[in-house]
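So this one's work.txt, compact mmCIF, C-alpha atoms and all ligand atoms:
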# COMPACT_ATOMS: atom_id res chain seq x y z
CA MET A 1 61.43 119.52 262.91
CA LYS A 2 61.68 123.19 263.85
CA ARG A 3 64.77 124.24 265.75
CA LEU A 4 64.34 126.11 269.04
CA ALA A 5 66.94 128.12 270.94
CA VAL A 6 66.26 129.32 274.49
CA LEU A 7 67.99 132.22 276.23
CA ILE A 8 67.98 132.37 280.02
CA SER A 9 69.64 134.24 282.88
CA GLY A 10 68.46 132.45 286.00
CA ARG A 11 66.69 129.47 287.54
CA GLY A 12 65.09 128.25 284.31
CA SER A 13 61.65 127.13 285.47
CA ASN A 14 60.04 128.33 282.24
CA LEU A 15 62.79 126.54 280.32
CA GLY A 16 61.99 123.36 282.26
CA ALA A 17 58.28 123.72 281.47
CA LEU A 18 59.10 124.10 277.76
CA LEU A 19 61.46 121.13 277.75
CA ASP A 20 58.89 118.95 279.51
CA ALA A 21 55.94 119.97 277.33
CA GLY A 22 56.53 117.35 274.66
CA LEU A 23 56.76 119.96 271.91
CA PRO A 24 57.25 118.64 268.38
CA ALA A 25 60.57 120.47 267.97
CA GLN A 26 64.27 120.16 268.58
CA PHE A 27 65.91 122.26 271.30
CA VAL A 28 69.22 123.04 269.60
CA THR A 29 70.78 125.16 272.34
CA VAL A 30 70.17 126.82 275.69
CA LEU A 31 72.30 129.88 276.23
CA SER A 32 72.78 131.99 279.37
CA ASN A 33 74.56 135.31 279.81
CA ASP A 34 75.34 134.16 283.37
CA PRO A 35 77.59 131.08 283.71
CA ALA A 36 76.10 130.48 287.20
CA ALA A 37 72.50 130.30 285.98
CA ALA A 38 70.77 127.25 287.48
CA GLY A 39 68.80 126.91 284.25
CA LEU A 40 71.91 125.62 282.47
CA ASP A 41 71.67 122.49 284.63
CA VAL A 42 67.93 122.23 283.91
CA ALA A 43 68.90 121.86 280.24
CA ARG A 44 71.90 119.58 280.79
CA ALA A 45 69.88 117.25 283.03
CA ARG A 46 67.63 116.65 280.02
CA GLY A 47 70.50 116.19 277.59
CA ILE A 48 70.05 119.56 275.89
CA PRO A 49 73.26 121.37 274.87
CA ALA A 50 73.74 124.39 277.13
CA GLN A 51 76.35 127.13 276.99
CA ALA A 52 77.18 130.37 278.76
CA LEU A 53 78.27 133.59 277.15
CA ASP A 54 79.28 135.87 280.00
CA HIS A 55 78.22 139.42 279.16
CA ARG A 56 80.83 140.76 281.63
CA ALA A 57 83.56 139.61 279.26
CA PHE A 58 82.44 142.14 276.61
CA SER A 59 83.30 145.82 276.43
CA SER A 60 79.86 146.96 275.23
CA ARG A 61 76.27 145.83 274.90
CA GLU A 62 76.70 145.74 271.11
CA ALA A 63 79.84 143.57 271.30
CA PHE A 64 77.97 141.08 273.51
CA ASP A 65 74.95 141.10 271.22
CA ARG A 66 77.14 140.46 268.19
CA ALA A 67 78.74 137.44 269.89
CA LEU A 68 75.31 136.25 271.04
CA THR A 69 73.95 136.57 267.51
CA ASP A 70 76.86 134.56 266.10
CA ALA A 71 76.55 131.88 268.80
CA LEU A 72 72.86 131.45 268.06
CA GLN A 73 73.15 131.60 264.29
CA ALA A 74 75.60 128.70 264.45
CA HIS A 75 72.58 126.61 265.52
CA ALA A 76 70.24 127.98 262.79
CA PRO A 77 67.20 128.37 265.07
CA ASP A 78 63.72 128.82 263.60
CA LEU A 79 62.56 130.41 266.85
CA VAL A 80 64.48 132.12 269.65
CA ILE A 81 62.75 132.03 273.03
CA LEU A 82 63.60 134.46 275.82
CA ALA A 83 62.73 132.61 279.03
CA GLY A 84 63.83 134.88 281.85
CA PHE A 85 66.64 136.47 279.83
CA MET A 86 67.48 139.61 281.76
CA ARG A 87 69.53 141.58 279.22
CA VAL A 88 68.15 144.36 277.06
CA LEU A 89 68.93 143.46 273.44
CA THR A 90 70.22 145.90 270.84
CA ALA A 91 69.49 146.33 267.13
CA VAL A 92 72.16 143.93 265.88
CA PHE A 93 70.46 141.03 267.66
CA LEU A 94 66.87 142.18 267.15
CA GLU A 95 67.34 142.58 263.41
CA ALA A 96 68.96 139.16 263.04
CA PHE A 97 65.98 137.42 264.67
CA ALA A 98 63.09 139.77 263.89
CA GLY A 99 59.78 137.91 263.67
CA ARG A 100 61.20 134.77 265.27
CA LEU A 101 61.98 136.11 268.73
CA ILE A 102 59.48 135.78 271.60
CA ASN A 103 59.56 136.68 275.30
CA ILE A 104 57.51 135.94 278.38
CA HIS A 105 56.81 138.83 280.71
CA PRO A 106 55.24 138.53 284.17
CA SER A 107 52.46 141.10 283.82
CA LEU A 108 49.44 141.82 281.67
CA LEU A 109 51.19 144.13 279.22
CA PRO A 110 51.06 147.01 278.49
CA ALA A 111 50.72 147.29 282.28
CA PHE A 112 54.00 147.05 284.19
CA PRO A 113 56.73 146.68 281.57
CA GLY A 114 60.23 146.32 283.05
CA LEU A 115 61.20 144.93 286.45
CA HIS A 116 59.46 144.20 289.78
CA THR A 117 56.10 143.63 288.14
CA HIS A 118 54.50 141.82 291.08
CA ARG A 119 55.43 144.50 293.60
CA ARG A 120 54.18 147.20 291.24
CA ALA A 121 50.91 145.34 290.65
CA LEU A 122 50.37 145.10 294.42
CA ASP A 123 51.25 148.78 294.90
CA ALA A 124 48.85 149.78 292.14
CA GLY A 125 46.03 147.77 293.71
CA VAL A 126 45.11 145.99 290.48
CA LYS A 127 42.70 143.09 290.95
CA LEU A 128 43.87 141.08 287.95
CA HIS A 129 47.49 140.39 287.09
CA GLY A 130 49.16 137.78 284.91
CA CYS A 131 51.64 137.14 282.15
CA THR A 132 52.14 137.91 278.49
CA VAL A 133 53.95 136.19 275.63
CA HIS A 134 54.92 138.64 272.92
CA TYR A 135 57.20 139.13 269.94
CA VAL A 136 60.28 141.16 270.78
CA THR A 137 60.85 144.55 269.18
CA PRO A 138 63.16 147.42 270.15
CA GLU A 139 60.50 148.79 272.52
CA LEU A 140 61.12 147.16 275.92
CA ASP A 141 58.29 144.67 276.60
CA GLY A 142 56.34 146.50 273.90
CA GLY A 143 56.22 144.05 270.97
CA PRO A 144 53.08 142.46 269.49
CA ILE A 145 51.17 140.47 272.11
CA ILE A 146 50.48 136.84 271.18
CA ALA A 147 48.62 135.63 274.27
CA GLN A 148 48.03 136.41 277.92
CA ALA A 149 46.88 134.61 281.06
CA ALA A 150 45.30 136.38 284.03
CA VAL A 151 45.16 135.54 287.73
CA PRO A 152 43.37 137.30 290.59
CA VAL A 153 45.30 139.41 293.07
CA LEU A 154 44.00 138.18 296.43
CA PRO A 155 43.65 140.42 299.50
CA ASP A 156 46.43 138.74 301.47
CA ASP A 157 48.90 138.43 298.61
CA ASP A 158 52.50 139.44 298.96
CA GLU A 159 55.07 139.49 296.16
CA ARG A 160 55.94 135.84 296.69
CA THR A 161 52.41 134.42 296.66
CA LEU A 162 51.46 136.53 293.66
CA ALA A 163 54.62 135.56 291.75
CA THR A 164 53.93 131.88 292.43
CA ARG A 165 50.37 132.18 291.09
CA VAL A 166 51.56 133.99 287.95
CA LEU A 167 54.46 131.59 287.38
CA ALA A 168 52.13 128.58 287.20
CA GLN A 169 50.31 130.34 284.36
CA GLU A 170 53.60 131.33 282.67
CA HIS A 171 54.55 127.68 282.43
CA ARG A 172 51.21 126.76 280.79
CA LEU A 173 50.99 129.78 278.51
CA PHE A 174 54.55 129.69 277.19
CA ALA A 175 54.39 126.05 276.11
CA GLN A 176 50.99 126.61 274.50
CA VAL A 177 52.19 129.63 272.52
CA VAL A 178 55.31 127.83 271.29
CA ARG A 179 53.09 124.92 270.22
CA TRP A 180 50.83 127.31 268.29
CA ILE A 181 53.86 128.84 266.56
CA LEU A 182 55.22 125.38 265.66
CA GLU A 183 51.82 124.51 264.20
CA ASP A 184 51.82 127.75 262.14
CA HIS A 185 48.83 129.05 264.08
CA VAL A 186 50.39 132.46 264.78
CA THR A 187 50.60 135.27 262.24
CA LEU A 188 52.42 138.56 262.53
CA GLU A 189 51.18 141.32 260.26
CA ASP A 190 51.31 145.12 260.50
CA GLY A 191 52.70 144.87 264.03
CA ARG A 192 49.84 142.68 265.30
CA ALA A 193 50.06 139.04 266.26
CA ARG A 194 47.04 136.77 265.80
CA VAL A 195 46.49 133.23 266.97
CA LEU A 196 44.55 131.21 264.39
CA ALA A 197 43.43 128.50 266.78
CA PRO A 198 39.96 127.29 267.72
CA VAL A 199 38.68 129.84 270.21
CA HIS A 200 37.31 128.49 273.46
CA PHE A 201 35.66 131.39 275.20
CA PRO A 202 34.95 130.61 278.83
CA PRO A 203 32.58 132.82 280.82
CA PRO A 204 34.18 136.23 281.39
CA ALA A 205 36.01 136.26 284.71
CA CYS A 206 36.16 139.12 287.16
CA TYR A 207 37.51 139.49 290.62
CA PRO A 208 35.88 140.08 293.06
CA GLU A 209 32.94 138.34 291.46
CA PHE A 210 29.70 140.18 291.06
CA PRO A 211 26.26 138.63 290.73
C1 LIG B 301 59.78 134.72 284.84
O1 LIG B 301 58.87 135.27 285.74
C2 LIG B 301 59.71 135.43 283.52
O2 LIG B 301 58.44 135.86 283.20
C3 LIG B 301 60.61 136.62 283.77
O3 LIG B 301 61.68 136.11 284.52
C4 LIG B 301 61.23 134.98 285.26
C5 LIG B 301 62.14 133.84 284.90
O4 LIG B 301 61.89 132.72 285.70
N1 LIG B 301 60.99 137.25 282.53
P1 LIG B 301 62.51 131.31 285.30
O5 LIG B 301 64.01 131.51 285.15
O6 LIG B 301 61.87 130.86 284.04
O7 LIG B 301 62.20 130.41 286.46

Rendering of file as structure tokens:
Amino acid sequence: MKRLAVLISGRGSNLGALLDAGLPAQFVTVLSNDPAAAGLDVARARGIPAQALDHRAFSSREAFDRALTDALQAHAPDLVILAGFMRVLTAVFLEAFAGRLINIHPSLLPAFPGLHTHRRALDAGVKLHGCTVHYVTPELDGGPIIAQAAVPVLPDDDERTLATRVLAQEHRLFAQVVRWILEDHVTLEDGRARVLAPVHFPPPACYPEFP
């Protein structure tokens, strides 16, 4: 069974979705940079070992990343999953887990990398928004895209309603992508990720609809 490690910083709803998805894998550790992260309890409630490594206890980003790398390597993960992990990672970490490190981002990348994606999508007036699962590289939110899910931006949306609509898709998409990786359905070559799964191509969607 493949060994999964999950890094979080906050409430852990994506973590919960992954833990409840019945994936054919072993969750070997959940690690948070914030000891107060509610997601640690999401893991513990399901009997998954969870630990905190407080970044404030380290003198530099590199020192924290070195400790984080060591803490994870002790669990020999096959895949490291960033599920709402809010720290920018440096080379020491990225090199240790290159090709087996994925992240979920709440926008249709390459649109809106970084923070406050829902507010920026509303400000930009985009009509479709969504989420992206991608491999992590040194470029912030810029690594090879594995899969995306889109939702409409409705006329009366505010940040909260839009975030809720996207989050429901995050939970579906993340578990599906991890399943594909576990089943060896994802390749990474020349900086491009491909999913080798049966393609179901529903009718193209647009919003607003046109005849
Ligand atoms: C999610 O929207 C994720 O895409 C972003 O941070 C949020 C984490 O939410 N990176 P949760 O902790 O999984 O509930």

Within-10 Å residues of ligand LIG 301 (chain B), basis only C-alpha atoms and all ligand atoms, as JSON, numbers by chain = {"A": [7, 8, 9, 10, 11, 12, 13, 14, 15, 16, 17, 18, 37, 38, 39, 82, 83, 84, 85, 86, 103, 104, 105, 106, 107, 114, 115, 116, 117, 118, 130, 131, 132, 133, 141, 163, 164, 166, 167, 168, 169, 170, 171, 174]}

request  = Skip A:Ala197 itself and residues of its chain fewer than 5 positions away, then list as a PyMOL selection string all residues within 9 Å of it, counting all atoms listed in the file.
outcome  = chain A and resi 180+185-186

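Taking atom CA of A:Pro49 and atom CA of A:Val178 as the two end points, the separation is 19.4 Å.
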
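Here atom CA of A:Phe210 stands at a distance of 16.3 Å from atom CA of A:Pro155.
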
message = As an exercise, work out the distance from atom CA of A:Gly47 to atom CA of A:Thr69 in Å and give it to one decimal place.
response =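 Going from atom CA of A:Gly47 over to atom CA of A:Thr69 covers 23.0 Å.
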
key: Long-range neighbours of A:Val28 as a list in words, 9 Å cut-off, all atoms listed in the file, 3 positions minimum in chain   = Arg3, Leu4, Ala5, Val6, Ile48, Pro49, Ala50, His75, Ala76 and Pro77 of chain A

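The residue that comes closest to A:Pro208, out of A:Arg56, A:Lys127, A:Arg44, A:Arg192 and on the basis of only C-alpha atoms, is A:Lys127.
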
task = Quick one: everything within 8 Å of A:Arg46, counting all atoms listed in the file, minus sequence neighbours fewer than 3 positions away in the same chain. Send it as a PyMOL selection string.
result = chain A and resi 19+42-43

task = Could you tell me which of A:Val80, A:Val126, A:Ile145, A:Val195 comes closest to A:Leu109 if we count all atoms listed in the file?
result =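 Once distances to A:Leu109 are computed over all atoms listed in the file, the minimum belongs to A:Ile145.
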
inquiry  = My list of candidates is A:Pro138, A:Leu196, A:Phe64, A:Gly143. Which is closest to A:Asp184 when distances are computed with all atoms listed in the file?
reply    = A:Leu196

task = Would you be able to write out as a list in words which residues have an atom within 12 Å of (39.1, 129.9, 278.0) in the file's coordinates, counting only C-alpha atoms?
result =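 Counting only C-alpha atoms, I find these residues within 12 Å of (39.1, 129.9, 278.0): Ala147, Gln148, Ala149, Ala150, Leu173, Pro198, Val199, His200, Phe201, Pro202, Pro203, Pro204 and Ala205 of chain A.
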
Some atoms are missing, so please complete stretch 32-43 of chain A with all heavy atoms and return it as an mmCIF file, in the coordinates of the input.
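What ended up in out.cif:
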data_model
loop_
_atom_site.group_PDB
_atom_site.id
_atom_site.type_symbol
_atom_site.label_atom_id
_atom_site.label_comp_id
_atom_site.auth_asym_id
_atom_site.auth_seq_id
_atom_site.Cartn_x
_atom_site.Cartn_y
_atom_site.Cartn_z
ATOM 1 N N SER A 32 72.954 131.039 278.265
ATOM 2 C CA SER A 32 72.780 131.990 279.370
ATOM 3 C C SER A 32 73.882 133.037 279.329
ATOM 4 O O SER A 32 75.033 132.719 279.004
ATOM 5 C CB SER A 32 72.856 131.240 280.701
ATOM 6 O OG SER A 32 72.903 132.168 281.771
ATOM 7 N N ASN A 33 73.525 134.268 279.682
ATOM 8 C CA ASN A 33 74.560 135.310 279.810
ATOM 9 C C ASN A 33 75.279 135.195 281.152
ATOM 10 O O ASN A 33 76.278 135.870 281.362
ATOM 11 C CB ASN A 33 73.936 136.698 279.670
ATOM 12 C CG ASN A 33 72.949 136.978 280.793
ATOM 13 O OD1 ASN A 33 71.954 136.273 280.919
ATOM 14 N ND2 ASN A 33 73.244 137.949 281.616
ATOM 15 N N ASP A 34 74.743 134.337 282.040
ATOM 16 C CA ASP A 34 75.340 134.160 283.370
ATOM 17 C C ASP A 34 75.786 132.708 283.499
ATOM 18 O O ASP A 34 74.947 131.798 283.538
ATOM 19 C CB ASP A 34 74.310 134.511 284.444
ATOM 20 C CG ASP A 34 74.871 134.320 285.845
ATOM 21 O OD1 ASP A 34 76.040 133.883 285.983
ATOM 22 O OD2 ASP A 34 74.137 134.603 286.805
ATOM 23 N N PRO A 35 77.099 132.463 283.611
ATOM 24 C CA PRO A 35 77.590 131.080 283.710
ATOM 25 C C PRO A 35 77.053 130.355 284.944
ATOM 26 O O PRO A 35 77.048 129.126 284.975
ATOM 27 C CB PRO A 35 79.112 131.240 283.817
ATOM 28 C CG PRO A 35 79.413 132.628 283.366
ATOM 29 C CD PRO A 35 78.197 133.459 283.615
ATOM 30 N N ALA A 36 76.592 131.114 285.959
ATOM 31 C CA ALA A 36 76.100 130.480 287.200
ATOM 32 C C ALA A 36 74.606 130.196 287.154
ATOM 33 O O ALA A 36 74.047 129.709 288.146
ATOM 34 C CB ALA A 36 76.427 131.388 288.380
ATOM 35 N N ALA A 37 73.955 130.476 286.048
ATOM 36 C CA ALA A 37 72.500 130.300 285.980
ATOM 37 C C ALA A 37 72.116 128.835 286.217
ATOM 38 O O ALA A 37 72.616 127.933 285.536
ATOM 39 C CB ALA A 37 71.975 130.762 284.625
ATOM 40 N N ALA A 38 71.215 128.614 287.168
ATOM 41 C CA ALA A 38 70.770 127.250 287.480
ATOM 42 C C ALA A 38 70.089 126.606 286.275
ATOM 43 O O ALA A 38 70.091 125.383 286.123
ATOM 44 C CB ALA A 38 69.838 127.276 288.682
ATOM 45 N N GLY A 39 69.510 127.417 285.423
ATOM 46 C CA GLY A 39 68.800 126.910 284.250
ATOM 47 C C GLY A 39 69.704 126.119 283.301
ATOM 48 O O GLY A 39 69.217 125.268 282.551
ATOM 49 N N LEU A 40 71.000 126.388 283.332
ATOM 50 C CA LEU A 40 71.910 125.620 282.470
ATOM 51 C C LEU A 40 71.865 124.141 282.862
ATOM 52 O O LEU A 40 71.894 123.261 282.001
ATOM 53 C CB LEU A 40 73.340 126.173 282.579
ATOM 54 C CG LEU A 40 73.568 127.543 281.925
ATOM 55 C CD1 LEU A 40 74.943 128.104 282.315
ATOM 56 C CD2 LEU A 40 73.451 127.454 280.400
ATOM 57 N N ASP A 41 71.747 123.887 284.157
ATOM 58 C CA ASP A 41 71.670 122.490 284.630
ATOM 59 C C ASP A 41 70.302 121.876 284.317
ATOM 60 O O ASP A 41 70.191 120.667 284.125
ATOM 61 C CB ASP A 41 71.953 122.414 286.128
ATOM 62 C CG ASP A 41 73.411 122.765 286.427
ATOM 63 O OD1 ASP A 41 74.261 122.483 285.564
ATOM 64 O OD2 ASP A 41 73.677 123.340 287.502
ATOM 65 N N VAL A 42 69.270 122.713 284.304
ATOM 66 C CA VAL A 42 67.930 122.230 283.910
ATOM 67 C C VAL A 42 68.027 121.646 282.502
ATOM 68 O O VAL A 42 67.480 120.572 282.208
ATOM 69 C CB VAL A 42 66.902 123.385 283.958
ATOM 70 C CG1 VAL A 42 65.569 122.970 283.343
ATOM 71 C CG2 VAL A 42 66.714 123.875 285.398
ATOM 72 N N ALA A 43 68.744 122.344 281.614
ATOM 73 C CA ALA A 43 68.900 121.860 280.240
ATOM 74 C C ALA A 43 69.781 120.613 280.205
ATOM 75 O O ALA A 43 69.409 119.591 279.616
ATOM 76 C CB ALA A 43 69.516 122.962 279.377
#
